[in-house]
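The file data_6.txt comes next; it holds compact mmCIF, C-alpha atoms.
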```
# COMPACT_ATOMS: atom_id res chain seq x y z
CA MET A 1 168.67 146.80 65.70
CA ASP A 2 166.21 148.12 63.10
CA ASN A 3 164.47 150.27 65.71
CA HIS A 4 167.80 151.60 66.91
CA ASN A 5 168.84 152.53 63.34
CA LYS A 6 165.51 154.18 62.76
CA LYS A 7 165.96 156.27 65.89
CA GLU A 8 169.48 157.29 64.77
CA THR A 9 168.22 158.49 61.39
CA GLN A 10 165.70 160.75 63.13
CA LEU A 11 168.42 162.59 65.04
CA LEU A 12 170.07 165.77 63.74
CA SER A 13 173.60 165.46 62.40
CA ARG A 14 176.18 168.20 62.97
CA TYR A 15 175.45 169.57 59.50
CA ASP A 16 171.68 169.53 60.15
CA LEU A 17 172.13 171.40 63.43
CA THR A 18 174.41 173.97 61.79
CA MET A 19 171.78 174.69 59.13
CA VAL A 20 169.04 174.90 61.76
CA ILE A 21 171.03 177.43 63.82
CA ILE A 22 171.68 179.59 60.73
CA GLY A 23 168.01 179.42 59.75
CA LEU A 24 166.88 180.39 63.25
CA ILE A 25 169.13 183.46 63.44
CA ILE A 26 169.03 185.03 59.98
CA GLY A 27 165.81 186.97 59.71
CA MET A 28 164.85 190.40 58.40
CA GLY A 29 166.74 192.58 60.88
CA ILE A 30 169.88 192.75 58.75
CA PHE A 31 167.93 194.80 56.15
CA ARG A 32 167.22 197.56 58.68
CA THR A 33 169.10 197.30 61.98
CA ALA A 34 172.49 198.10 60.44
CA ALA A 35 171.27 201.68 60.02
CA THR A 36 169.98 201.82 63.62
CA SER A 37 173.20 200.45 65.09
CA ALA A 38 175.31 202.77 62.89
CA LYS A 39 173.30 205.75 64.10
CA ASP A 40 174.18 204.91 67.71
CA ALA A 41 177.82 203.93 67.05
CA LEU A 42 180.46 206.64 67.55
CA ASN A 43 182.63 205.40 64.66
CA PRO A 44 182.93 202.45 62.24
CA THR A 45 185.22 200.56 64.65
CA MET A 46 182.49 200.55 67.33
CA PHE A 47 179.90 199.60 64.68
CA PHE A 48 181.75 196.47 63.51
CA LEU A 49 182.89 195.60 67.04
CA ALA A 50 179.25 195.53 68.15
CA TRP A 51 178.42 192.99 65.43
CA ILE A 52 181.33 190.76 66.50
CA VAL A 53 180.47 191.03 70.20
CA GLY A 54 176.80 190.37 69.40
CA GLY A 55 177.82 187.12 67.73
CA ILE A 56 179.93 186.07 70.74
CA ILE A 57 176.97 186.76 73.05
CA ALA A 58 174.78 184.65 70.77
CA LEU A 59 177.32 181.81 70.93
CA CYS A 60 177.38 181.89 74.75
CA GLY A 61 173.58 181.94 74.82
CA ALA A 62 173.12 179.13 72.31
CA LEU A 63 175.48 176.83 74.23
CA THR A 64 173.75 177.68 77.51
CA TYR A 65 170.30 176.95 76.12
CA ALA A 66 171.52 173.76 74.47
CA GLU A 67 172.73 172.43 77.84
CA ILE A 68 169.47 173.47 79.53
CA GLY A 69 167.54 171.52 76.90
CA SER A 70 169.87 168.55 77.30
CA ARG A 71 169.51 168.44 81.11
CA PHE A 72 165.80 169.28 81.20
CA PRO A 73 164.25 167.75 78.05
CA VAL A 74 160.56 168.64 78.39
CA MET A 75 157.86 169.99 76.13
CA GLY A 76 156.76 173.49 77.03
CA GLY A 77 159.95 175.49 76.49
CA TYR A 78 160.60 178.36 78.83
CA TYR A 79 157.42 177.87 80.84
CA LYS A 80 158.41 174.62 82.56
CA ILE A 81 162.08 175.53 82.88
CA ILE A 82 161.40 178.87 84.57
CA ALA A 83 158.67 177.33 86.73
CA TYR A 84 161.22 174.71 87.82
CA ALA A 85 163.96 177.26 88.55
CA TYR A 86 161.80 180.01 90.11
CA HIS A 87 158.01 179.99 90.48
CA PRO A 88 155.02 179.28 88.18
CA SER A 89 153.96 182.94 88.39
CA ILE A 90 157.36 184.05 87.01
CA ALA A 91 157.15 181.36 84.33
CA PHE A 92 153.65 182.48 83.33
CA ALA A 93 154.65 186.16 83.21
CA ILE A 94 157.85 185.57 81.23
CA ASN A 95 156.12 183.24 78.78
CA CYS A 96 153.45 185.90 78.24
CA ILE A 97 155.99 188.68 77.69
CA ILE A 98 157.83 186.44 75.21
CA LEU A 99 154.56 186.15 73.28
CA VAL A 100 154.09 189.94 73.46
CA SER A 101 157.72 190.38 72.39
CA ASN A 102 157.18 188.07 69.41
CA ALA A 103 154.05 189.99 68.42
CA ALA A 104 156.02 193.23 68.66
CA SER A 105 158.88 191.71 66.62
CA MET A 106 156.39 190.75 63.92
CA ALA A 107 155.01 194.31 63.89
CA MET A 108 158.56 195.67 63.71
CA VAL A 109 159.58 193.44 60.81
CA ALA A 110 156.36 194.34 58.99
CA LEU A 111 157.40 197.98 59.37
CA ILE A 112 160.78 197.17 57.80
CA GLY A 113 159.06 195.81 54.71
CA SER A 114 156.44 198.55 54.57
CA GLY A 115 159.21 201.17 54.60
CA TYR A 116 160.79 199.61 51.50
CA LEU A 117 157.45 199.19 49.69
CA ALA A 118 156.23 202.71 50.56
CA LYS A 119 159.44 204.14 49.11
CA VAL A 120 158.83 202.27 45.84
CA ILE A 121 155.18 203.35 45.57
CA LEU A 122 155.27 206.88 46.99
CA GLY A 123 158.93 207.89 47.08
CA SER A 124 159.56 210.87 49.36
CA ALA A 125 155.80 211.24 49.99
CA ALA A 126 155.82 208.14 52.22
CA ASN A 127 155.36 208.76 55.94
CA GLU A 128 155.07 206.75 59.17
CA THR A 129 151.26 206.51 59.00
CA ILE A 130 151.32 205.05 55.48
CA GLU A 131 154.06 202.60 56.50
CA ALA A 132 151.95 201.51 59.48
CA LEU A 133 148.94 200.93 57.20
CA ILE A 134 151.00 198.81 54.79
CA ALA A 135 152.42 196.83 57.73
CA THR A 136 148.88 196.21 59.01
CA PHE A 137 147.86 194.96 55.57
CA ALA A 138 150.79 192.50 55.56
CA ILE A 139 149.85 191.12 58.98
CA ILE A 140 146.16 190.75 58.14
CA LEU A 141 146.98 189.17 54.77
CA PHE A 142 148.98 186.38 56.37
CA TYR A 143 146.50 186.07 59.18
CA GLY A 144 144.11 185.04 56.39
CA VAL A 145 146.72 182.68 54.88
CA ASN A 146 147.17 180.94 58.24
CA LEU A 147 143.41 180.60 58.65
CA LEU A 148 143.56 178.39 55.53
CA GLY A 149 145.70 175.87 57.41
CA LEU A 150 149.30 174.83 58.05
CA ARG A 151 149.93 173.32 54.60
CA MET A 152 149.14 176.58 52.81
CA SER A 153 151.31 178.66 55.17
CA SER A 154 154.25 176.22 54.98
CA ARG A 155 154.20 176.30 51.15
CA ALA A 156 154.27 180.09 51.23
CA GLN A 157 157.17 179.95 53.71
CA ASN A 158 159.35 177.82 51.42
CA ILE A 159 158.94 180.24 48.52
CA LEU A 160 159.57 183.35 50.60
CA MET A 161 162.70 181.93 52.27
CA ALA A 162 164.26 181.32 48.86
CA VAL A 163 163.63 184.96 47.95
CA LYS A 164 165.29 186.17 51.19
CA ILE A 165 168.47 184.15 50.57
CA GLY A 166 168.73 185.71 47.11
CA MET A 167 168.40 189.21 48.60
CA ILE A 168 171.27 188.66 51.04
CA LEU A 169 173.59 187.30 48.34
CA THR A 170 172.76 190.28 46.13
CA LEU A 171 173.78 192.71 48.87
CA ILE A 172 177.09 190.92 49.48
CA SER A 173 177.86 190.89 45.74
CA ALA A 174 178.11 194.71 45.85
CA LEU A 175 181.53 194.26 47.52
CA PHE A 176 182.91 193.03 44.20
CA PHE A 177 181.98 196.20 42.25
CA PRO A 178 184.38 198.96 43.39
CA SER A 179 182.89 201.39 40.87
CA ILE A 180 179.75 201.80 43.02
CA HIS A 181 181.62 202.21 46.33
CA ALA A 182 181.58 205.52 48.20
CA ALA A 183 184.57 207.78 47.59
CA ASP A 184 185.52 208.15 51.27
CA VAL A 185 184.72 205.65 54.02
CA SER A 186 187.67 206.46 56.26
CA ASN A 187 185.83 208.34 59.03
CA ILE A 188 187.18 206.26 61.93
CA ASN A 189 187.94 208.93 64.54
CA LEU A 190 185.97 209.16 67.78
CA PRO A 191 184.14 212.46 68.42
CA GLU A 192 186.10 214.96 70.51
CA GLY A 193 185.51 214.74 74.26
CA THR A 194 184.70 211.03 74.20
CA ASN A 195 185.50 209.42 77.56
CA ALA A 196 185.15 205.83 78.77
CA LEU A 197 181.61 206.33 80.10
CA THR A 198 180.42 207.97 76.87
CA TRP A 199 181.98 205.15 74.85
CA LEU A 200 180.38 202.45 77.03
CA LYS A 201 176.96 204.11 76.87
CA ALA A 202 177.12 204.40 73.07
CA PHE A 203 178.34 200.81 72.71
CA GLY A 204 175.45 199.51 74.84
CA THR A 205 172.94 201.41 72.72
CA THR A 206 174.55 200.08 69.54
CA LEU A 207 174.19 196.51 70.85
CA VAL A 208 170.39 196.88 71.19
CA ALA A 209 169.74 196.66 67.45
CA VAL A 210 172.51 194.08 66.99
CA SER A 211 171.04 191.76 69.64
CA PHE A 212 167.68 191.83 67.84
CA THR A 213 169.34 190.79 64.58
CA TYR A 214 171.13 187.85 66.23
CA GLY A 215 167.96 186.61 67.96
CA GLY A 216 166.69 183.08 67.38
CA TYR A 217 169.57 181.03 68.79
CA GLN A 218 167.59 180.56 72.03
CA GLN A 219 165.57 177.91 70.19
CA SER A 220 168.61 175.63 70.61
CA ILE A 221 166.91 174.77 73.91
CA ASN A 222 164.68 172.44 71.90
CA PHE A 223 167.49 170.35 70.38
CA GLY A 224 169.41 169.11 73.43
CA THR A 225 168.15 165.53 73.03
CA ASP A 226 167.64 165.49 69.25
CA VAL A 227 171.27 165.56 68.06
CA GLU A 228 173.58 162.65 67.25
CA LYS A 229 176.42 162.43 69.79
CA PRO A 230 175.32 165.65 71.53
CA ALA A 231 178.45 166.04 73.66
CA LYS A 232 180.46 166.38 70.44
CA ASN A 233 178.07 167.68 67.78
CA LEU A 234 176.08 170.27 69.75
CA PRO A 235 178.96 172.64 70.57
CA ARG A 236 180.55 172.20 67.14
CA GLY A 237 177.30 172.64 65.22
CA ILE A 238 176.37 175.73 67.23
CA PHE A 239 179.87 177.21 66.94
CA ILE A 240 180.06 176.67 63.17
CA GLY A 241 176.51 177.95 62.62
CA ILE A 242 176.99 181.15 64.61
CA LEU A 243 180.47 181.73 63.15
CA LEU A 244 178.97 181.57 59.64
CA VAL A 245 176.21 184.00 60.66
CA ILE A 246 178.81 186.43 62.10
CA VAL A 247 180.79 186.28 58.82
CA LEU A 248 177.63 186.76 56.76
CA TYR A 249 176.44 189.73 58.85
CA LEU A 250 179.89 191.34 58.72
CA LEU A 251 179.97 190.95 54.92
CA VAL A 252 176.52 192.54 54.52
CA ASN A 253 177.46 195.40 56.84
CA LEU A 254 180.79 195.84 55.06
CA SER A 255 178.85 196.11 51.81
CA TYR A 256 176.63 198.82 53.32
CA PHE A 257 179.72 200.62 54.65
CA LYS A 258 181.70 200.41 51.40
CA VAL A 259 178.89 201.40 49.05
CA ILE A 260 177.25 204.31 50.90
CA GLY A 261 179.77 205.30 53.60
CA PHE A 262 179.34 205.43 57.36
CA SER A 263 177.77 208.90 57.57
CA HIS A 264 175.11 208.03 55.00
CA LEU A 265 174.54 204.66 56.66
CA LYS A 266 173.58 206.49 59.87
CA ALA A 267 170.88 208.49 58.10
CA GLU A 268 169.41 205.95 55.65
CA LYS A 269 166.63 203.61 56.81
CA GLU A 270 166.00 201.60 53.64
CA ILE A 271 169.69 200.85 53.10
CA ALA A 272 169.26 197.60 51.19
CA SER A 273 167.26 199.23 48.39
CA LEU A 274 169.93 201.92 48.03
CA ILE A 275 172.62 199.25 47.59
CA ALA A 276 170.46 197.44 45.05
CA GLU A 277 169.77 200.67 43.16
CA ARG A 278 173.48 201.40 42.79
CA LEU A 279 174.16 197.79 41.81
CA LEU A 280 171.17 197.14 39.52
CA GLY A 281 169.95 200.60 38.52
CA ASN A 282 166.76 202.44 39.46
CA THR A 283 164.38 199.78 38.15
CA GLY A 284 166.42 196.98 39.71
CA GLY A 285 166.36 198.79 43.05
CA LYS A 286 162.57 199.04 42.94
CA ILE A 287 162.23 195.36 42.08
CA PHE A 288 164.61 194.50 44.91
CA SER A 289 162.55 196.56 47.39
CA SER A 290 159.35 194.90 46.25
CA LEU A 291 160.90 191.44 46.66
CA LEU A 292 162.20 192.49 50.06
CA PHE A 293 158.63 193.14 51.12
CA LEU A 294 157.91 189.50 50.24
CA CYS A 295 160.82 188.46 52.49
CA VAL A 296 159.20 190.36 55.33
CA LEU A 297 156.00 188.45 54.70
CA ALA A 298 157.98 185.22 55.26
CA TYR A 299 158.81 186.30 58.80
CA VAL A 300 155.26 187.50 59.48
CA ASN A 301 154.02 184.14 58.22
CA VAL A 302 156.32 182.00 60.36
CA ILE A 303 155.55 184.00 63.51
CA LEU A 304 151.83 183.57 62.87
CA MET A 305 152.44 179.84 62.35
CA SER A 306 154.41 179.23 65.56
CA ASN A 307 153.17 181.51 68.34
CA PRO A 308 149.51 180.41 68.44
CA ARG A 309 150.90 176.92 69.12
CA VAL A 310 152.69 178.26 72.21
CA MET A 311 149.38 179.71 73.37
CA PHE A 312 147.77 176.32 72.70
CA ALA A 313 150.38 174.59 74.91
CA MET A 314 149.80 177.12 77.69
CA SER A 315 146.06 176.58 77.40
CA GLU A 316 146.43 172.79 77.54
CA SER A 317 148.49 173.10 80.74
CA GLY A 318 145.88 175.39 82.31
CA ALA A 319 148.08 178.50 82.34
CA ILE A 320 145.58 180.45 80.20
CA PRO A 321 141.85 179.84 79.49
CA LYS A 322 140.84 176.73 77.53
CA ILE A 323 139.33 178.83 74.74
CA PHE A 324 142.90 179.44 73.44
CA SER A 325 143.17 175.74 72.51
CA LYS A 326 140.06 175.92 70.34
CA LYS A 327 140.58 174.63 66.78
CA SER A 328 138.46 174.98 63.67
CA LYS A 329 136.88 171.64 62.76
CA ARG A 330 137.74 171.69 59.07
CA ARG A 331 141.42 172.74 59.00
CA GLU A 332 142.35 172.41 62.70
CA VAL A 333 143.50 176.05 62.82
CA LEU A 334 143.93 177.58 66.30
CA THR A 335 141.47 180.34 65.45
CA VAL A 336 141.21 182.04 68.86
CA SER A 337 144.96 182.02 69.58
CA LEU A 338 145.78 183.15 66.03
CA THR A 339 143.23 185.98 66.17
CA VAL A 340 144.30 187.24 69.61
CA PHE A 341 147.99 187.14 68.69
CA THR A 342 147.30 189.09 65.47
CA ILE A 343 145.28 191.74 67.34
CA VAL A 344 148.09 192.20 69.90
CA ALA A 345 150.60 192.74 67.07
CA VAL A 346 148.42 195.36 65.37
CA ILE A 347 147.80 197.19 68.67
CA ILE A 348 151.56 197.35 69.35
CA LEU A 349 152.17 198.56 65.79
CA TYR A 350 149.82 201.52 66.20
CA PHE A 351 150.85 202.12 69.80
CA ALA A 352 154.47 202.77 68.80
CA GLN A 353 154.31 203.14 64.97
CA THR A 354 158.08 203.56 64.53
CA PHE A 355 160.71 200.84 64.31
CA ASP A 356 163.03 202.33 66.92
CA LYS A 357 160.33 202.68 69.59
CA ILE A 358 159.18 199.07 69.18
CA LEU A 359 162.81 197.87 69.11
CA SER A 360 163.58 199.20 72.60
CA PHE A 361 160.39 197.67 74.01
CA VAL A 362 161.06 194.28 72.39
CA ILE A 363 164.69 194.01 73.44
CA PHE A 364 163.97 195.06 77.03
CA LEU A 365 161.34 192.31 77.25
CA ASP A 366 163.86 189.88 75.73
CA CYS A 367 166.49 190.92 78.29
CA ILE A 368 164.16 189.87 81.12
CA GLY A 369 163.26 186.55 79.50
CA MET A 370 166.79 185.71 78.33
CA ALA A 371 168.61 186.50 81.56
CA ALA A 372 166.03 184.72 83.75
CA SER A 373 165.82 181.58 81.61
CA ALA A 374 169.61 181.29 81.10
CA ALA A 375 170.20 181.59 84.86
CA ALA A 376 168.25 178.34 85.31
CA ILE A 377 171.42 176.52 84.22
CA PHE A 378 172.97 177.04 87.67
CA LYS A 379 170.17 175.21 89.48
CA LEU A 380 170.05 172.53 86.78
CA ARG A 381 173.79 171.88 86.98
CA LYS A 382 173.54 171.46 90.75
CA GLU A 383 170.52 169.15 90.73
CA THR A 384 171.39 167.00 87.70
CA LYS A 385 175.00 166.08 88.51
CA HIS A 386 174.04 162.42 88.05
CA LEU A 387 173.67 163.12 84.29
CA ASP A 388 177.24 164.38 83.82
CA LYS A 389 178.66 160.97 82.92
CA LYS A 390 175.86 160.20 80.46
CA GLN A 391 175.61 161.16 76.78
CA ILE A 392 174.30 164.67 77.33
CA PHE A 393 175.82 168.01 76.37
CA SER A 394 177.76 169.86 79.08
CA MET A 395 179.39 173.08 77.95
CA LYS A 396 183.02 173.79 78.62
CA LEU A 397 184.11 177.00 80.35
CA PHE A 398 181.17 176.81 82.77
CA PRO A 399 180.15 179.10 84.50
CA LEU A 400 181.98 181.70 82.37
CA LEU A 401 179.81 181.37 79.25
CA PRO A 402 176.37 181.74 80.92
CA LEU A 403 177.74 184.56 83.08
CA ILE A 404 178.95 186.42 79.97
CA PHE A 405 175.53 185.93 78.39
CA ILE A 406 173.51 187.03 81.45
CA CYS A 407 175.74 190.04 82.18
CA SER A 408 175.55 191.11 78.52
CA TYR A 409 171.75 191.18 78.58
CA VAL A 410 171.74 193.03 81.92
CA PHE A 411 174.09 195.57 80.30
CA ILE A 412 171.78 195.92 77.27
CA ALA A 413 168.74 196.34 79.55
CA ILE A 414 170.52 199.11 81.49
CA SER A 415 171.46 200.78 78.19
CA ILE A 416 167.81 200.78 77.10
CA ALA A 417 166.65 202.13 80.47
CA VAL A 418 169.15 205.00 80.20
CA GLN A 419 168.33 205.73 76.55
CA ASN A 420 164.56 205.11 76.60
CA SER A 421 163.14 204.96 80.12
CA ASN A 422 159.53 204.90 78.88
CA ALA A 423 160.08 201.65 76.94
CA ALA A 424 161.76 200.07 79.98
CA LEU A 425 158.96 201.16 82.34
CA ILE A 426 156.27 199.83 79.99
CA ALA A 427 158.12 196.52 79.71
CA VAL A 428 158.45 196.18 83.50
CA GLY A 429 154.79 197.16 83.88
CA THR A 430 153.84 194.45 81.36
CA LEU A 431 155.73 191.84 83.39
CA ALA A 432 154.06 193.00 86.64
CA PHE A 433 150.65 192.96 84.93
CA PHE A 434 151.01 189.30 83.94
CA ILE A 435 152.18 188.31 87.43
CA ILE A 436 149.04 189.98 88.86
CA ILE A 437 146.92 188.16 86.26
CA TYR A 438 148.44 184.84 87.38
CA PHE A 439 147.65 185.30 91.07
CA THR A 440 144.23 186.79 90.33
CA GLY A 441 143.37 183.82 88.12
CA ASN A 442 144.51 181.36 90.79
CA ALA A 443 142.45 183.15 93.45
CA LEU A 444 139.34 182.98 91.27
CA LYS A 445 139.90 179.27 90.61
CA LYS A 446 140.14 178.56 94.37
CA ARG A 447 136.93 180.46 95.04
CA ALA A 448 135.16 178.62 92.25
```

Could you write out this file's structure as structure tokens?
Amino acid sequence: MDNHNKKETQLLSRYDLTMVIIGLIIGMGIFRTAATSAKDALNPTMFFLAWIVGGIIALCGALTYAEIGSRFPVMGGYYKIIAYAYHPSIAFAINCIILVSNAASMAMVALIGSGYLAKVILGSAANETIEALIATFAIILFYGVNLLGLRMSSRAQNILMAVKIGMILTLISALFFPSIHAADVSNINLPEGTNALTWLKAFGTTLVAVSFTYGGYQQSINFGTDVEKPAKNLPRGIFIGILLVIVLYLLVNLSYFKVIGFSHLKAEKEIASLIAERLLGNTGGKIFSSLLFLCVLAYVNVILMSNPRVMFAMSESGAIPKIFSKKSKRREVLTVSLTVFTIVAVIILYFAQTFDKILSFVIFLDCIGMAASAAAIFKLRKETKHLDKKQIFSMKLFPLLPLIFICSYVFIAISIAVQNSNAALIAVGTLAFFIIIYFTGNALKKRA
């Protein structure tokens, strides 16, 4: 009985899962991607609709991944699931592009923070090169922090997360001060000559930035067997968590819309500092922007904490060379994996330099990984029917929910290919490159 009770206390309650889902989704994108999505939206109605639809897609995806994790509870994340559903070469390639995507996301978020800090330090004299240099400094700084060990990086993470929560609440509070709101925010008409195809194309482009901001829910794949009464608590915890995130994102975006107006929102990159400046004055806006840079460092830090461990797992399974599992003797830091991951992020940062260019590349890579991994649910459902009567999570409205999710990411991928063919071609080339690496490595092993 004591062992059973101990096991129960180690499982996540519905409240715990809800908080985990919220923590996984809310990152730094909301401080920048609202401007990008507004720029692509034809009117405010499309802008807010994209944020609602993005949340619904996230809900479908989170429930799909939760059932995959419940039916196939293994260590190794996407690698073993995709290898099971397709082929080890596809699993290797997709796992690698997820790592590249995460490195690119880190570079992108560092650029968000550097844009805010550059504006504080240099004002209108700031340019893309200076922002890239500041972003590089942020990445290298926390590369050094992570070299000091997990305890140091986790302490830094706790402090920086508290700062980020305060920033979001500050932005929402601007809704309660009508005196700082824009005089006219009623521009809701579609441009003349807009037809259904034009509307659909613009909506797909708007969803690109939105889907980045909602990212993180796919980690629900890791909690399928770690929740109390999963059949009941998993769907409710995920639904409540994502519903709260949708409400929070809509409130922040409504604050942007009310305070600076839709037209200005399209043109302003560092929107959060502008809201803070109107709310707190010039000095308060500068302090806010400086603190926002610290929030960015929290994301950089957590990415540098987690992704080298994925590389370690791949190395342990033989998917990549053993040198990537090398640890320092004193602090047990994954020095090789951490260093290589950091170098990849810096290369991507200087390869693209701008937020929008990296965004298209990242989301196209995510579209490949998301659609392929989510589709594994169909094979799993067929081959694990014997689990249906046990205490696992099986989503309702199957196969509608995973189909909505997969089709949405195919739609987003097509939108990127139409808007930015170079980013799509580079992403496909990256996938093909890793597949070639897999078969080349296997051939060399056989010869050896």

In the coordinate frame of the file, compute which residues have an atom within 8 Å of (178.0, 197.8, 45.8) when using all atoms listed in the file, and state them as a CSV table (one decimal) with C-alpha atoms, in the frame of the given file.
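In the end it all went to part06.csv:
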```
chain,number,residue,atom,x,y,z
A,171,LEU,CA,173.8,192.7,48.9
A,172,ILE,CA,177.1,190.9,49.5
A,173,SER,CA,177.9,190.9,45.7
A,174,ALA,CA,178.1,194.7,45.8
A,175,LEU,CA,181.5,194.3,47.5
A,176,PHE,CA,182.9,193.0,44.2
A,177,PHE,CA,182.0,196.2,42.2
A,178,PRO,CA,184.4,199.0,43.4
A,179,SER,CA,182.9,201.4,40.9
A,180,ILE,CA,179.8,201.8,43.0
A,181,HIS,CA,181.6,202.2,46.3
A,255,SER,CA,178.8,196.1,51.8
A,256,TYR,CA,176.6,198.8,53.3
A,258,LYS,CA,181.7,200.4,51.4
A,259,VAL,CA,178.9,201.4,49.0
A,275,ILE,CA,172.6,199.2,47.6
A,276,ALA,CA,170.5,197.4,45.0
A,278,ARG,CA,173.5,201.4,42.8
A,279,LEU,CA,174.2,197.8,41.8
```

Exercise for review: Give me the residues within 9 Å of Lys164 (chain A) as number ranges by chain, counting all atoms listed in the file and dropping any in the same chain fewer than 5 places off.
Suggested key: A: 27-28, 169, 291-292, 294-296, 298

Check your understanding: Suppose you want the space between CA of Leu234 (chain A) and CA of Phe393 (chain A); what is it in Å?
Key -> 7.0 Å

Practice item. Find the residues near region 45-50 of chain A: any atom within 9 Å, counting all atoms listed in the file, skip ones fewer than 4 places away on the same chain, and give them as a list in words. Key: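 Here the answer would be Ala34, Ser37, Ala38, Asp40, Ala41, Gly54, Gly55, Ile188, Asn189, Trp199, Ala202, Phe203, Gly204, Thr206, Leu207, Val210, Leu250, Asn253 and Leu254 of chain A.
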
**Study point:** Among the residues A:Leu59, A:Ile363, A:Leu425, A:Ile436, the one that comes closest to Gly241 (chain A) [using all atoms listed in the file]
**Key:**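 So, comparing all the options, the nearest one is A:Leu59.
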
How close does region 259-317 of chain A get to region 96-114 of chain A? List, as JSON lines, each residue of region 259-317 of chain A within 9 Å, its nearest atom pair and the distance in Å to one decimal, counting only C-alpha atoms.
```
{"residue": "A:Lys269", "atom": "CA", "partner": "A:Ile112", "partner_atom": "CA", "distance": 8.8}
{"residue": "A:Glu270", "atom": "CA", "partner": "A:Ile112", "partner_atom": "CA", "distance": 8.0}
{"residue": "A:Ser289", "atom": "CA", "partner": "A:Gly113", "partner_atom": "CA", "distance": 8.1}
{"residue": "A:Ser290", "atom": "CA", "partner": "A:Gly113", "partner_atom": "CA", "distance": 8.5}
{"residue": "A:Leu292", "atom": "CA", "partner": "A:Gly113", "partner_atom": "CA", "distance": 6.5}
{"residue": "A:Phe293", "atom": "CA", "partner": "A:Gly113", "partner_atom": "CA", "distance": 4.5}
{"residue": "A:Leu294", "atom": "CA", "partner": "A:Gly113", "partner_atom": "CA", "distance": 7.8}
{"residue": "A:Cys295", "atom": "CA", "partner": "A:Gly113", "partner_atom": "CA", "distance": 7.9}
{"residue": "A:Val296", "atom": "CA", "partner": "A:Gly113", "partner_atom": "CA", "distance": 5.5}
{"residue": "A:Leu297", "atom": "CA", "partner": "A:Ala110", "partner_atom": "CA", "distance": 7.3}
{"residue": "A:Tyr299", "atom": "CA", "partner": "A:Met106", "partner_atom": "CA", "distance": 7.2}
{"residue": "A:Val300", "atom": "CA", "partner": "A:Met106", "partner_atom": "CA", "distance": 5.6}
{"residue": "A:Ile303", "atom": "CA", "partner": "A:Met106", "partner_atom": "CA", "distance": 6.8}
{"residue": "A:Leu304", "atom": "CA", "partner": "A:Met106", "partner_atom": "CA", "distance": 8.6}
{"residue": "A:Asn307", "atom": "CA", "partner": "A:Leu99", "partner_atom": "CA", "distance": 6.9}
{"residue": "A:Val310", "atom": "CA", "partner": "A:Leu99", "partner_atom": "CA", "distance": 8.2}
{"residue": "A:Met311", "atom": "CA", "partner": "A:Leu99", "partner_atom": "CA", "distance": 8.3}
```

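Of the residues listed (A:Ser360, A:Thr129, A:Thr33, A:Asn442), A:Asn442 shows the shortest atom-to-atom separation from Ile320 (chain A); distances use all atoms listed in the file.
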
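Excluding Ser89 (chain A) itself and any same-chain residue fewer than 5 positions from it, the protein and nucleic acid residues within 10 Å of it, counting only C-alpha atoms, are Tyr79, Ile82, Ala83, Ile94, Asn95, Ala319, Phe434, Ile435, Ile436, Ile437, Tyr438, Phe439 and Asn442 of chain A.
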